[in-house]
file coords_2.cif (mmCIF, C-alpha atoms and all ligand atoms)
data_final
#
loop_
_atom_site.label_atom_id
_atom_site.label_comp_id
_atom_site.auth_asym_id
_atom_site.auth_seq_id
_atom_site.Cartn_x
_atom_site.Cartn_y
_atom_site.Cartn_z
CA MET A 663 133.41 104.93 93.12
CA THR A 664 131.37 103.57 90.26
CA ALA A 665 131.65 106.01 87.32
CA ASN A 666 127.94 106.61 86.91
CA PRO A 667 125.82 105.55 89.86
CA THR A 668 122.25 105.00 88.65
CA ARG A 669 120.30 103.87 91.70
CA VAL A 670 117.86 106.12 93.54
CA LEU A 671 116.29 105.41 96.92
CA VAL A 672 112.86 107.02 97.20
CA LEU A 673 111.67 107.82 100.73
CA ASN A 674 108.17 108.84 101.69
CA SER A 675 108.26 109.66 105.40
CA GLY A 676 104.95 110.04 107.22
CA SER A 677 104.41 110.89 110.88
CA SER A 678 104.56 107.23 111.93
CA SER A 679 105.60 105.46 108.75
CA VAL A 680 108.29 105.31 106.09
CA LYS A 681 107.63 103.90 102.61
CA TYR A 682 110.59 103.24 100.37
CA GLN A 683 111.60 101.96 96.96
CA LEU A 684 115.01 101.44 95.43
CA LEU A 685 115.08 101.90 91.66
CA ASP A 686 117.81 101.57 89.07
CA MET A 687 117.35 104.42 86.63
CA ALA A 688 119.57 102.74 84.01
CA ASP A 689 116.57 100.59 83.11
CA GLY A 690 113.83 101.72 85.54
CA ALA A 691 114.02 98.38 87.41
CA ARG A 692 112.57 98.25 90.90
CA LEU A 693 115.17 96.54 93.10
CA ALA A 694 113.40 96.67 96.47
CA ALA A 695 110.33 98.16 98.11
CA GLY A 696 108.88 98.25 101.56
CA LEU A 697 107.19 99.96 104.41
CA VAL A 698 107.82 100.61 108.08
CA GLU A 699 104.64 101.42 109.98
CA ARG A 700 103.57 102.27 113.52
CA ILE A 701 106.96 103.86 114.29
CA GLY A 702 107.16 104.75 117.97
CA GLU A 703 104.63 102.10 118.99
CA GLU A 704 105.09 98.65 120.52
CA THR A 705 103.69 97.02 117.40
CA SER A 706 105.98 98.53 114.73
CA ARG A 707 106.15 96.47 111.55
CA LEU A 708 108.60 96.36 108.66
CA VAL A 709 107.63 94.69 105.38
CA HIS A 710 110.41 94.36 102.82
CA SER A 711 110.07 93.06 99.27
CA PRO A 712 113.43 92.07 97.74
CA LEU A 713 112.27 92.58 94.16
CA ALA A 714 115.75 92.22 92.58
CA THR A 715 116.33 88.75 93.99
CA GLY A 716 112.74 87.65 93.43
CA GLY A 717 112.58 86.40 97.02
CA GLY A 718 109.43 86.49 99.12
CA LYS A 719 108.37 89.37 101.37
CA ARG A 720 110.15 89.60 104.70
CA GLU A 721 108.23 90.89 107.69
CA GLN A 722 109.38 91.79 111.16
CA GLU A 723 107.30 93.00 114.06
CA ALA A 724 109.30 94.62 116.85
CA PRO A 725 109.25 98.06 118.43
CA ILE A 726 110.97 100.70 116.24
CA ALA A 727 111.43 103.79 118.37
CA ASP A 728 111.86 106.56 115.80
CA HIS A 729 112.59 107.44 112.17
CA GLU A 730 116.31 106.95 112.67
CA ALA A 731 115.78 103.39 113.89
CA ALA A 732 113.31 102.83 111.04
CA LEU A 733 115.80 103.91 108.38
CA GLN A 734 118.51 101.82 110.00
CA ALA A 735 116.21 98.80 109.84
CA VAL A 736 115.49 99.55 106.16
CA ALA A 737 119.24 99.93 105.49
CA ALA A 738 119.85 96.51 107.12
CA GLU A 739 117.18 94.88 104.93
CA LEU A 740 118.67 96.43 101.80
CA ALA A 741 122.17 95.37 102.86
CA ALA A 742 120.95 91.78 103.31
CA ASP A 743 120.05 91.85 99.58
CA GLY A 744 123.45 93.30 98.64
CA LEU A 745 121.84 96.72 98.08
CA GLY A 746 123.15 98.54 101.15
CA LEU A 747 123.00 102.33 101.45
CA ASP A 748 126.81 102.38 101.39
CA SER A 749 126.74 101.10 97.80
CA PRO A 750 128.69 103.29 95.34
CA GLU A 751 125.90 102.60 92.86
CA LEU A 752 123.50 104.77 94.86
CA ALA A 753 123.24 108.13 93.05
CA ALA A 754 120.85 109.97 95.36
CA ILE A 755 117.99 109.77 97.81
CA GLY A 756 114.73 111.32 96.61
CA HIS A 757 112.35 112.50 99.33
CA ARG A 758 108.66 113.10 98.83
CA VAL A 759 107.99 116.45 100.51
CA VAL A 760 104.34 117.35 100.81
CA HIS A 761 104.46 121.15 100.96
CA GLY A 762 106.83 123.30 98.93
CA GLY A 763 104.76 126.49 99.09
CA GLN A 764 105.17 129.00 96.26
CA LYS A 765 108.94 128.86 96.25
CA PHE A 766 109.66 125.30 95.16
CA THR A 767 108.49 124.89 91.60
CA ALA A 768 110.81 121.99 90.75
CA PRO A 769 112.76 119.19 92.44
CA THR A 770 115.53 120.68 94.56
CA VAL A 771 118.83 119.44 95.97
CA ILE A 772 118.50 119.74 99.74
CA THR A 773 120.77 122.24 101.48
CA ASP A 774 120.46 123.82 104.93
CA GLU A 775 118.60 126.75 103.33
CA VAL A 776 116.17 124.40 101.59
CA LEU A 777 115.52 122.55 104.85
CA ALA A 778 114.88 125.87 106.61
CA GLU A 779 112.34 126.81 103.95
CA ILE A 780 110.55 123.43 104.27
CA GLU A 781 110.46 124.13 108.01
CA ARG A 782 109.00 127.61 107.41
CA LEU A 783 106.07 125.90 105.67
CA VAL A 784 105.19 123.74 108.71
CA PRO A 785 102.24 126.00 109.68
CA VAL A 786 100.51 125.14 106.38
CA ALA A 787 101.47 121.42 106.50
CA PRO A 788 101.64 120.64 110.23
CA LEU A 789 101.22 116.87 109.83
CA HIS A 790 103.39 116.26 106.81
CA ASN A 791 106.38 118.60 106.60
CA PRO A 792 107.79 117.76 110.08
CA ALA A 793 107.77 114.05 109.18
CA ASN A 794 109.42 114.81 105.83
CA ILE A 795 112.10 116.89 107.60
CA THR A 796 112.80 114.05 110.04
CA GLY A 797 113.16 111.63 107.13
CA ILE A 798 115.59 113.96 105.36
CA ARG A 799 117.73 114.58 108.46
CA THR A 800 117.91 110.86 109.20
CA ALA A 801 118.92 110.01 105.62
CA GLN A 802 121.52 112.79 105.66
CA ALA A 803 123.05 111.32 108.82
CA LEU A 804 123.27 107.88 107.17
CA ARG A 805 124.83 109.13 103.92
CA PRO A 806 126.14 112.70 104.42
CA ASP A 807 128.06 112.56 101.14
CA LEU A 808 125.07 111.70 98.97
CA PRO A 809 122.82 114.22 97.18
CA GLN A 810 119.39 114.33 98.80
CA VAL A 811 116.61 115.72 96.63
CA ALA A 812 113.20 117.05 97.67
CA VAL A 813 110.36 116.36 95.24
CA PHE A 814 107.38 118.46 96.23
CA ASP A 815 103.72 117.41 96.02
CA THR A 816 102.83 121.03 95.32
CA ALA A 817 105.41 121.82 92.60
CA PHE A 818 103.38 120.75 89.56
CA HIS A 819 100.60 123.11 90.63
CA THR A 820 102.76 126.23 90.92
CA THR A 821 101.88 127.06 87.28
CA MET A 822 98.28 127.80 88.32
CA PRO A 823 97.31 131.37 87.45
CA GLU A 824 96.53 133.71 90.35
CA SER A 825 92.84 133.56 89.35
CA ALA A 826 92.82 129.87 90.30
CA ALA A 827 95.36 129.98 93.14
CA ARG A 828 93.85 132.79 95.24
CA TYR A 829 90.89 132.52 97.57
CA ALA A 830 88.52 135.49 97.49
CA ILE A 831 89.41 136.70 100.98
CA ASP A 832 91.18 139.83 102.23
CA THR A 833 94.50 139.89 100.40
CA ALA A 834 96.58 141.18 103.32
CA THR A 835 95.28 138.47 105.63
CA ALA A 836 95.84 135.81 102.97
CA ASP A 837 99.41 136.93 102.33
CA ALA A 838 100.29 137.28 106.02
CA HIS A 839 99.31 133.66 106.64
CA MET A 840 100.37 132.00 103.36
CA ILE A 841 96.70 131.31 102.56
CA ARG A 842 96.29 130.31 98.93
CA ARG A 843 95.53 127.21 96.89
CA TYR A 844 98.65 125.06 96.55
CA GLY A 845 97.27 121.69 95.46
CA PHE A 846 98.76 118.26 96.24
CA HIS A 847 99.37 114.86 94.57
CA GLY A 848 101.44 116.89 92.08
CA THR A 849 103.88 114.10 91.17
CA SER A 850 100.91 111.90 90.30
CA HIS A 851 99.16 114.59 88.23
CA ALA A 852 102.43 115.31 86.41
CA TYR A 853 103.15 111.65 85.70
CA VAL A 854 99.60 110.71 84.69
CA SER A 855 99.05 113.74 82.43
CA ARG A 856 102.30 112.93 80.60
CA GLU A 857 101.47 109.21 80.32
CA THR A 858 98.01 110.10 79.01
CA ALA A 859 99.56 112.22 76.25
CA LYS A 860 101.82 109.26 75.43
CA LEU A 861 98.79 106.96 75.24
CA LEU A 862 97.25 109.36 72.69
CA GLY A 863 100.51 109.37 70.71
CA LYS A 864 101.00 113.08 71.41
CA ASP A 865 103.46 115.35 73.16
CA PRO A 866 102.16 116.73 76.51
CA SER A 867 102.36 120.24 74.98
CA GLU A 868 99.73 119.22 72.42
CA VAL A 869 96.94 118.06 74.72
CA ASN A 870 94.56 119.21 77.46
CA VAL A 871 93.89 116.59 80.13
CA ILE A 872 91.62 116.34 83.17
CA VAL A 873 93.35 114.04 85.68
CA LEU A 874 91.23 112.39 88.37
CA HIS A 875 93.49 110.97 91.10
CA LEU A 876 91.05 108.90 93.15
CA GLY A 877 92.79 107.12 96.01
CA ASN A 878 92.02 107.29 99.70
CA GLY A 879 92.89 110.97 99.22
CA ALA A 880 91.49 112.32 95.95
CA SER A 881 92.08 115.31 93.71
CA ALA A 882 91.35 116.51 90.20
CA SER A 883 93.48 118.72 88.00
CA ALA A 884 93.11 120.61 84.75
CA VAL A 885 96.31 120.29 82.72
CA GLU A 886 96.63 122.61 79.71
CA ARG A 887 99.35 121.64 77.27
CA GLY A 888 101.42 120.03 80.04
CA ARG A 889 100.92 122.79 82.62
CA CYS A 890 98.54 122.63 85.57
CA VAL A 891 95.98 125.47 85.45
CA ASP A 892 93.68 124.34 88.27
CA THR A 893 93.45 121.63 90.91
CA SER A 894 90.88 120.68 93.50
CA MET A 895 92.98 120.58 96.68
CA GLY A 896 93.80 123.93 98.21
CA LEU A 897 95.68 125.29 101.21
CA THR A 898 95.58 121.73 102.55
CA PRO A 899 94.54 118.36 101.08
CA LEU A 900 91.04 118.81 102.53
CA GLU A 901 89.44 120.83 99.71
CA GLY A 902 87.75 119.41 96.65
CA LEU A 903 86.50 115.90 95.97
CA VAL A 904 84.81 113.60 98.46
CA MET A 905 87.58 111.33 99.80
CA GLY A 906 87.89 108.18 101.91
CA THR A 907 87.79 110.05 105.22
CA ARG A 908 87.87 113.77 104.19
CA SER A 909 84.86 115.92 103.39
CA GLY A 910 86.27 117.87 100.45
CA ASP A 911 84.37 121.08 99.62
CA LEU A 912 81.89 122.49 102.09
CA ASP A 913 80.49 125.86 103.07
CA PRO A 914 83.19 127.42 105.30
CA ALA A 915 80.39 128.54 107.62
CA VAL A 916 79.96 124.88 108.62
CA LEU A 917 83.14 125.29 110.71
CA LEU A 918 81.80 128.41 112.40
CA HIS A 919 78.50 126.67 113.08
CA LEU A 920 80.26 123.66 114.65
CA SER A 921 82.38 125.96 116.78
CA ARG A 922 79.61 128.28 117.93
CA ASN A 923 76.64 125.97 118.17
CA ALA A 924 78.05 122.45 118.61
CA GLY A 925 80.78 123.58 121.02
CA MET A 926 83.47 121.76 119.09
CA SER A 927 87.14 122.72 119.48
CA THR A 928 89.38 123.34 116.46
CA ASP A 929 91.04 119.95 117.01
CA GLU A 930 87.67 118.23 117.09
CA ILE A 931 86.57 119.97 113.89
CA ASP A 932 89.91 119.07 112.28
CA ALA A 933 89.44 115.39 113.19
CA LEU A 934 85.81 115.44 112.03
CA LEU A 935 86.61 116.86 108.59
CA ASN A 936 89.86 114.98 107.94
CA LYS A 937 89.24 111.62 109.58
CA LYS A 938 85.52 111.08 110.11
CA SER A 939 84.01 112.57 106.95
CA GLY A 940 83.97 111.64 103.27
CA LEU A 941 82.89 108.09 102.49
CA ILE A 942 83.54 106.82 106.03
CA GLY A 943 81.46 109.62 107.54
CA LEU A 944 78.64 109.02 105.10
CA CYS A 945 78.36 105.24 105.32
CA GLY A 946 80.94 103.87 107.78
CA ASP A 947 83.28 102.47 105.12
CA ASN A 948 86.03 104.22 103.17
CA ASP A 949 87.02 101.31 100.93
CA MET A 950 85.22 101.49 97.58
CA ARG A 951 85.29 97.68 97.28
CA GLU A 952 83.29 97.33 100.49
CA ILE A 953 80.91 100.12 99.43
CA ARG A 954 80.24 98.38 96.10
CA ARG A 955 79.65 95.08 97.92
CA ARG A 956 77.11 96.75 100.21
CA ILE A 957 75.39 98.43 97.24
CA ASP A 958 75.06 95.01 95.57
CA GLU A 959 73.26 93.85 98.73
CA GLY A 960 70.85 96.80 98.50
CA ASP A 961 72.41 98.98 101.24
CA ALA A 962 70.87 102.48 100.91
CA ARG A 963 73.55 104.31 102.96
CA ALA A 964 76.33 102.89 100.82
CA GLN A 965 74.40 103.85 97.68
CA LEU A 966 73.96 107.44 98.90
CA ALA A 967 77.67 107.72 99.80
CA PHE A 968 78.55 106.48 96.29
CA ASP A 969 76.11 108.93 94.69
CA ILE A 970 77.51 111.91 96.65
CA TYR A 971 81.07 110.86 95.72
CA VAL A 972 80.19 110.63 92.01
CA HIS A 973 78.11 113.83 92.00
CA ARG A 974 81.13 115.84 93.27
CA LEU A 975 83.41 114.14 90.77
CA LYS A 976 81.10 114.97 87.89
CA LYS A 977 80.93 118.62 88.98
CA TYR A 978 84.73 118.84 88.82
CA ILE A 979 84.84 117.22 85.37
CA GLY A 980 82.38 119.87 84.18
CA ALA A 981 84.24 122.69 85.92
CA TYR A 982 87.62 121.70 84.47
CA TYR A 983 86.09 121.20 81.05
CA ALA A 984 85.01 124.84 81.26
CA VAL A 985 88.42 125.95 82.58
CA LEU A 986 90.22 124.21 79.70
CA GLY A 987 87.73 125.03 76.91
CA THR A 988 88.74 121.97 74.92
CA VAL A 989 89.60 118.60 76.45
CA ASP A 990 91.51 115.79 74.75
CA ALA A 991 91.34 113.25 77.57
CA VAL A 992 89.96 112.49 81.01
CA ALA A 993 92.32 110.16 82.90
CA PHE A 994 91.36 108.08 85.95
CA THR A 995 94.14 107.01 88.31
CA ALA A 996 95.01 105.73 91.85
CA GLY A 997 93.26 102.96 93.82
CA VAL A 998 89.65 103.86 93.02
CA GLY A 999 90.32 105.41 89.60
CA GLU A 1000 92.34 102.42 88.39
CA ASN A 1001 90.09 99.70 89.80
CA ALA A 1002 86.52 100.85 90.30
CA ALA A 1003 84.77 100.56 86.92
CA PRO A 1004 81.37 101.63 88.39
CA VAL A 1005 82.88 104.95 89.57
CA ARG A 1006 84.29 105.64 86.10
CA GLU A 1007 81.03 104.73 84.42
CA ALA A 1008 78.90 106.84 86.76
CA ALA A 1009 81.23 109.88 86.66
CA VAL A 1010 80.99 110.10 82.87
CA ALA A 1011 77.33 109.04 82.50
CA GLY A 1012 75.18 111.67 80.82
CA LEU A 1013 78.13 113.72 79.53
CA GLU A 1014 77.77 112.61 75.90
CA ALA A 1015 77.05 116.21 74.89
CA LEU A 1016 80.59 117.05 76.08
CA GLY A 1017 81.95 114.22 73.91
CA LEU A 1018 82.51 111.97 76.91
CA ALA A 1019 81.49 108.33 77.02
CA VAL A 1020 82.70 105.01 78.39
CA ASP A 1021 82.55 101.69 76.50
CA ALA A 1022 81.13 99.15 78.97
CA GLY A 1023 83.27 96.29 77.64
CA LEU A 1024 86.54 98.25 77.73
CA ASN A 1025 85.70 99.72 81.15
CA ALA A 1026 85.23 96.22 82.60
CA VAL A 1027 88.70 95.02 81.53
CA ARG A 1028 91.14 94.71 84.46
CA SER A 1029 94.72 95.63 83.61
CA GLY A 1030 97.76 97.32 85.09
CA GLU A 1031 98.51 99.04 81.77
CA PRO A 1032 97.45 102.51 80.59
CA ARG A 1033 94.37 102.05 78.39
CA LEU A 1034 91.48 103.82 76.70
CA ILE A 1035 87.97 102.98 77.86
CA SER A 1036 86.03 105.35 75.57
CA PRO A 1037 84.36 104.18 72.35
CA GLU A 1038 86.48 104.75 69.25
CA SER A 1039 84.01 107.36 67.97
CA ALA A 1040 84.20 109.50 71.15
CA ARG A 1041 85.44 113.09 70.76
CA VAL A 1042 87.24 113.00 74.11
CA ALA A 1043 89.38 110.05 75.18
CA VAL A 1044 88.58 108.53 78.56
CA ALA A 1045 91.59 106.65 79.93
CA VAL A 1046 92.74 104.59 82.88
CA VAL A 1047 96.38 105.44 83.58
CA PRO A 1048 98.04 103.76 86.58
CA THR A 1049 100.01 106.27 88.60
CA ASP A 1050 103.57 105.68 89.79
CA GLU A 1051 104.64 108.39 92.22
CA GLU A 1052 107.82 106.54 93.24
CA LEU A 1053 109.01 106.25 89.65
CA GLU A 1054 108.23 109.95 89.09
CA ILE A 1055 110.15 110.96 92.25
CA ALA A 1056 113.08 108.73 91.24
CA THR A 1057 113.07 110.11 87.69
CA GLN A 1058 112.97 113.75 88.82
CA THR A 1059 115.70 113.05 91.41
CA TYR A 1060 117.95 111.25 88.95
CA ASP A 1061 117.45 113.84 86.19
CA LEU A 1062 118.52 116.56 88.63
CA VAL A 1063 121.63 114.87 90.03
CA SER A 1064 122.85 113.42 86.73
CA ALA A 1065 122.36 116.65 84.74
P1 LIG B 1 95.32 104.58 97.06
O1 LIG B 1 95.24 105.68 98.09
O2 LIG B 1 95.61 105.07 95.68
O3 LIG B 1 96.20 103.43 97.49
O4 LIG B 1 93.86 103.97 96.97
C1 LIG B 1 93.29 103.25 98.03
C2 LIG B 1 91.79 103.04 97.78
O5 LIG B 1 91.59 102.42 96.49
C3 LIG B 1 91.14 102.07 98.76
O6 LIG B 1 90.70 102.74 99.91
C4 LIG B 1 89.97 101.52 97.97
O7 LIG B 1 88.83 102.32 98.21
C5 LIG B 1 90.36 101.70 96.52
N1 LIG B 1 90.52 100.43 95.81
C6 LIG B 1 91.61 99.65 95.75
N2 LIG B 1 91.36 98.55 95.00
C7 LIG B 1 90.08 98.63 94.59
C8 LIG B 1 89.20 97.81 93.79
N3 LIG B 1 89.61 96.66 93.26
N4 LIG B 1 87.94 98.26 93.57
C9 LIG B 1 87.52 99.42 94.11
N5 LIG B 1 88.28 100.23 94.85
C10 LIG B 1 89.54 99.85 95.10
#
call {"tool": "encode", "arguments": {"input": "coords_2.cif", "output": "structure tokens"}}
result
Amino acid sequence: MTANPTRVLVLNSGSSSVKYQLLDMADGARLAAGLVERIGEETSRLVHSPLATGGGKREQEAPIADHEAALQAVAAELAADGLGLDSPELAAIGHRVVHGGQKFTAPTVITDEVLAEIERLVPVAPLHNPANITGIRTAQALRPDLPQVAVFDTAFHTTMPESAARYAIDTATADAHMIRRYGFHGTSHAYVSRETAKLLGKDPSEVNVIVLHLGNGASASAVERGRCVDTSMGLTPLEGLVMGTRSGDLDPAVLLHLSRNAGMSTDEIDALLNKKSGLIGLCGDNDMREIRRRIDEGDARAQLAFDIYVHRLKKYIGAYYAVLGTVDAVAFTAGVGENAAPVREAAVAGLEALGLAVDAGLNAVRSGEPRLISPESARVAVAVVPTDEELEIATQTYDLVSA
């Protein structure tokens, strides 16, 4: 055995996909990354980037029957680069687990009891937790001796006060069915709020930050002195902002109306709100690049979808400003937040009275680095802070197993 193994394999197992990265925590280097998609279909695909050797991407398209076969294929790719899962330099495997309920407030070494608890939460995360469990079991079978760590999407939000975490419904019903606001994208909100403090030259405990994670899924959070006090996603990742294919907030009576008057089943309503709503429901596209292109051509539907997206975003900035009282920074992150300057500009437009403004020149700069885009005179910093959920999962995993 190597004295101090420093490598961490990060696994993000979805229902039909596995994303992975191998990092060396001695220096934070990314050694390999890749994705297996369409598991269980005829057209499965594995894309592997051997980052350590600097070689080109390797792709294979061949049926991959299940998660076990997928992980075996990943292990073979890593082994071909001399980074096999049997390496004594591997310290742990860190798993992204979507739902940790109220119990898991921190990364946790996976035991049988922990797995049983993740299983108990399946009713509130029916799409995600079963896939995460499969990923964990498969990885355990490959390396039974290695610590496996669960890093929960919900953990960062467990500091929310009850006033923010509870829905105003009958308490007994809520408790019987685990109905409360859990929030998601927690590793991103944790990472970005910390990096934003760093950008300001402060400790996280000294600043209040509004984090806007705008990817295909999107969520906002209010982070007070390093602790989350509110977030826009709730029982599931459907609540809150307008997303690529999800509606975000709506009157709950819309569901009753669809059921009673449109004759839709629960599965149909589920698909409508999660897959056929948001930007794609409004204008037929969920990619902000395509929406901007259509707006430039004068497309009114694309413009309205953009306006609805930004209106919701602005409401959350205002709401979290009020929740926090004072705000040191608003940080944009994820695919849209990091790349779509028009979204950032429009979300902050007209908020000068709150001390918020964007400098057009700085906002137009394209960069992969954390940066300020507010004018120097602004009371509140507006920042673009690229997220790195894999690095955060690897860091939390390594900190736990090397402690
Ligand atoms: P994520 O879920 O963080 O990977 O974000 C994916 C989304 O980011 C895509 O659906 C796009 O809408 C958006 N996106 C990525 N690159 C750009 C870009 N250059 N300009 C605008 N939006 C972008």
call {"tool": "residues_near_ligand", "arguments": {"input": "coords_2.cif", "ligand": "ligand LIG 1 (chain B)", "cutoff": "10 Å", "atoms": "all atoms listed in the file", "output": "count of residues only"}}
result
34
call {"tool": "atom_distance", "arguments": {"input": "coords_2.cif", "atom1": "CA of Gly696 (chain A)", "atom2": "CA of Val736 (chain A)"}}
result
8.2 Å
call {"tool": "residues_around", "arguments": {"input": "coords_2.cif", "residues": "Gln722 (chain A)", "least_positions_apart": "6", "cutoff": "8 Å", "atoms": "all atoms listed in the file", "output": "number ranges by chain"}}
result
A: 707-709
call {"tool": "atom_distance", "arguments": {"input": "coords_2.cif", "atom1": "CA of Ile701 (chain A)", "atom2": "CA of His729 (chain A)"}}
result
7.0 Å
call {"tool": "atom_distance", "arguments": {"input": "coords_2.cif", "atom1": "CA of Leu897 (chain A)", "atom2": "CA of Arg842 (chain A)"}}
result
5.5 Å
call {"tool": "closest_residue", "arguments": {"input": "coords_2.cif", "among": "A:Ser711, A:Gln683, A:Ser867, A:Ser678", "to": "Val698 (chain A)", "atoms": "only C-alpha atoms"}}
result
A:Ser678
call {"tool": "closest_residue", "arguments": {"input": "coords_2.cif", "among": "A:Thr820, A:Gln734, A:Ser706, A:Asn936", "to": "Ala801 (chain A)", "atoms": "all atoms listed in the file"}}
result
A:Gln734
call {"tool": "closest_residue", "arguments": {"input": "coords_2.cif", "among": "A:Ala924, A:Ala737, A:Ile841, A:Val891", "to": "Ser825 (chain A)", "atoms": "only C-alpha atoms"}}
result
A:Val891
call {"tool": "axis_aligned_box", "arguments": {"input": "coords_2.cif", "around": "region 923-929 of chain A", "padding_each_side": "4 Å", "output": "lines of an AutoDock Vina configuration file"}}
result
center_x = 83.8
center_y = 123.0
center_z = 118.7
size_x = 22.4
size_y = 14.0
size_z = 12.6
call {"tool": "closest_residue", "arguments": {"input": "coords_2.cif", "among": "A:Pro1032, A:Gly718, A:Pro667, A:Gly1017", "to": "Ala1045 (chain A)", "atoms": "all atoms listed in the file"}}
result
A:Pro1032
call {"tool": "residues_around", "arguments": {"input": "coords_2.cif", "residues": "region 1053-1057 of chain A", "least_positions_apart": "6", "cutoff": "9 Å", "atoms": "only C-alpha atoms", "output": "JSON, numbers by chain"}}
result
{"A": [669, 670, 671, 672, 683, 684, 685, 686, 687, 690, 692, 754, 755, 756, 757, 758, 769, 812, 813, 814, 849, 850, 852, 853]}
call {"tool": "residues_around", "arguments": {"input": "coords_2.cif", "residues": "Ala1022 (chain A)", "least_positions_apart": "6", "cutoff": "9 Å", "atoms": "all atoms listed in the file", "output": "PDB file with C-alpha atoms, in the coordinates of the input"}}
result
ATOM      1  CA  ALA A1003      84.770 100.560  86.920  1.00  0.00           C
ATOM      2  CA  GLU A1007      81.030 104.730  84.420  1.00  0.00           C
ATOM      3  CA  ILE A1035      87.970 102.980  77.860  1.00  0.00           C
ATOM      4  CA  SER A1036      86.030 105.350  75.570  1.00  0.00           C
ATOM      5  CA  PRO A1037      84.360 104.180  72.350  1.00  0.00           C
TER       6      PRO A1037
END
call {"tool": "closest_residue", "arguments": {"input": "coords_2.cif", "among": "A:Thr796, A:Ser677, A:Thr898, A:Gln802", "to": "Met840 (chain A)", "atoms": "only C-alpha atoms"}}
result
A:Thr898
call {"tool": "closest_residue", "arguments": {"input": "coords_2.cif", "among": "A:Glu751, A:Glu699, A:Asp1021, A:Glu901", "to": "Ala882 (chain A)", "atoms": "only C-alpha atoms"}}
result
A:Glu901
